[in-house]
2 protein chains.
Amino acid sequence: MTTAPTRRRLPPDERRESILHAAARLFGERPFAQVTTVEIAREAGVARGLLNHYFQDKRGLYLEVVRRSVLLPELETLSPARTSGSLADRVDAAVQWFLDSVDAQATTYFAVVGSEAVADDPEVAALVDHGADLAARHVLHLVGLDADDPLEMARVRCYAGLARATLHEWSVRHTLSRQQAHELLRDVLLFLTAQPTD
Amino acid sequence: MTTAPTRRRLPPDERRESILHAAARLFGERPFAQVTTVEIAREAGVARGLLNHYFQDKRGLYLEVVRRSVLLPELETLSPARTSGSLADRVDAAVQWFLDSVDAQATTYFAVVGSEAVADDPEVAALVDHGADLAARHVLHLVGLDADDPLEMARVRCYAGLARATLHEWSVRHTLSRQQAHELLRDVLLFLTAQPTD
DNA sequence: CGTTGTGTTGGCATCCTGCCAATAACTTCG
DNA sequence: CGAAGTTATTGGCAGGATGCCAACACAACG
């Protein structure tokens with residue numbers, strides 16, 4: 001038996017990825033403090049020390065997981081930026097985009113962002129904040145408003161809060177149907193964009 | 001020197017309160033993991049072991065701190081429940097109430113709820129959730145709508161998300177003035193309450 | 001003033017984490 | 001095809017934080 005070496009050597013990116021995958025799974029089902037590095041290592045089939053090699057520390061690994069789920073990878077992929085159609089249509093499309101991109105990686109997203117509550121960690125909060133910023137900017141872009149107007153950005157960031165909460169009601173508490181969630185978000189966004197920024 | 005006994009015996013409630021106070025201060029300025037029980041004990045002028053006597057563990061102490069800040073103690077105190085005045089007036093009053101009650105215990109509130117991001121802990125999330133529920137119910141009451149209609153509740157809970165985010169923009173990021181925050185919240189709430197619950 | 005009840009303390013045992021030197025898998029060159 | 005080199009990977013060690021528990025002492029009571 002020359003096979004089954006006790007160690008298997010992988011290209012760094014690949015190994016890094018597998019660790020990240022295992023960590024995401026565990027962090028998705030249990031809070032940070034209740035997940036030990038031993039578990040993650042076991043799940044990834046790796047020695048515990050290796051986690052510290054690829055990521056500074058447990059916290060660094062966690063931040064990386066969060067970063068991935070927050071940045072909405074689909075964000076860059078599809079941005080048709082339709083400047084055509086009525087405002088109502090563009091708004092509708094923007095809401096559609098948002099709900100879809102969340103639906104894609106629902107589990108992780110909700111575990112991290114959707115729970116809609118406490119950021120016990122400022123750095124994590126900053127990441128989520130950044131994610132909200134990107135999403136808001138993208139929505140503004142879709143709708144066809146100026147994404148560089150600070151006041152407009154602030155208002156849309158507020159709207160992002162509404163979006164998260166609505167998401168939560170729809171996908172976690174099931175107090176709203178997707179239909180209802182969609183309509184609520186659409187109506188309010190339309191209302192906000194129509195409103196003059198006094 | 002008969003004074004300054006190495007130990008001082010306090011009635012349980014009092015001691016419990018002083019510990020809670022110290023913990024709230026520290027948890028307010030640093031995330032959970034970065035606050036050690038040694039610090040809390042020192043801050044409260046107490047042996048570390050006493051924390052475990054009054055609260056199960058560090059986590060239990062934290063939950064108690066969160067519970068206090070989330071429940072918006074002022075919530076019960078002032079609920080004039082004005083059924084008089086126009087809808088616009090009642091909405092305005094509700095928003096006013098919300099902004100005021102948050103303004104009161106701003107620091108703790110923002111440290112726990114206002115950061116508007118991740119709930120790494122489901123139990124904490126449940127608490128915040130409950131707080132949002134109470135607040136939403138109260139707002140509905142102030143506005144004069146039925147607080148037992150599940151759909152209406154869901155919608156107002158979504159609105160609570162908007163409120164948190166707006167709070168964040170106003171009081172943390174300073175991208176909105178209180179005036180602007182107030183107007184935004186007022187307008188949207190008015191819009192939502194006017195909207196038929198299709 | 002001795003006794004009882006319990007608020008309070010200090011230290012022990014355990015678990016988790018970050019660090020680091022040794023090891024071995026994979027590659028490359030002679 | 002074999003040996004040297006590179007570095008991915010491992011296992012163990014030390015520090016720190018937490019939960020637990022038995023002893024202690026402050027206050028009230030008889």
# chains A, B, ... in the order shown; residues from 1 in each chain; ligands from 1
$ interface_residues --of "chain A" --to "chain C" --cutoff "12 Å" --atoms "only C-alpha atoms (C1' of nucleotides)" --output "list in words"
Ala4, Pro5, Thr6, Arg7, Arg8, Arg9, Leu10, Pro11, Ala33, Gln34, Val35, Thr36, Thr37, Val38, Glu39, Arg48, Gly49, Leu50, Leu51, Asn52, His53, Phe55, Gln56, Asp57, Lys58 and Arg59 of chain A
$ closest_atom_pairs --of "chain D" --to "chain B" --cutoff "9 Å" --atoms "only C-alpha atoms (C1' of nucleotides)" --output "tab-separated table"
residue	atom	partner	partner_atom	distance
D:DA17	C1'	B:Thr36	CA	7.4
D:DT18	C1'	B:Thr37	CA	8.2
D:DG19	C1'	B:Asp57	CA	7.5
D:DC20	C1'	B:Gly49	CA	8.9
D:DA25	C1'	B:Arg7	CA	7.9
D:DC26	C1'	B:Arg9	CA	6.2
D:DA27	C1'	B:Arg9	CA	7.7
$ closest_residue --among "A:Tyr62, A:Trp97, A:Tyr54, A:Phe32" --to "chain B" --atoms "only C-alpha atoms"
A:Phe32
$ atom_distance --atom1 "CA of Glu152 (chain B)" --atom2 "CA of Leu167 (chain B)"
22.2 Å
$ closest_residue --among "B:Gly28, B:Asp148, B:Leu61, B:Val91" --to "chain A" --atoms "only C-alpha atoms"
B:Gly28
$ select_by_dssp --residues "region 18-178 of chain A" --states "helix (DSSP H, G or I)" --output "VMD selection string"
chain A and resid 18 to 29 32 to 34 37 to 44 48 to 54 58 to 70 74 to 77 87 to 104 106 to 114 122 to 143 150 to 173 178
$ closest_residue --among "A:Glu64, A:Asp149, A:Asp92, A:Asp129" --to "chain B" --atoms "only C-alpha atoms"
A:Asp129
$ closest_residue --among "B:Arg90, B:His141, B:Arg15, B:Arg173" --to "Leu190 (chain B)" --atoms "only C-alpha atoms"
B:Arg90
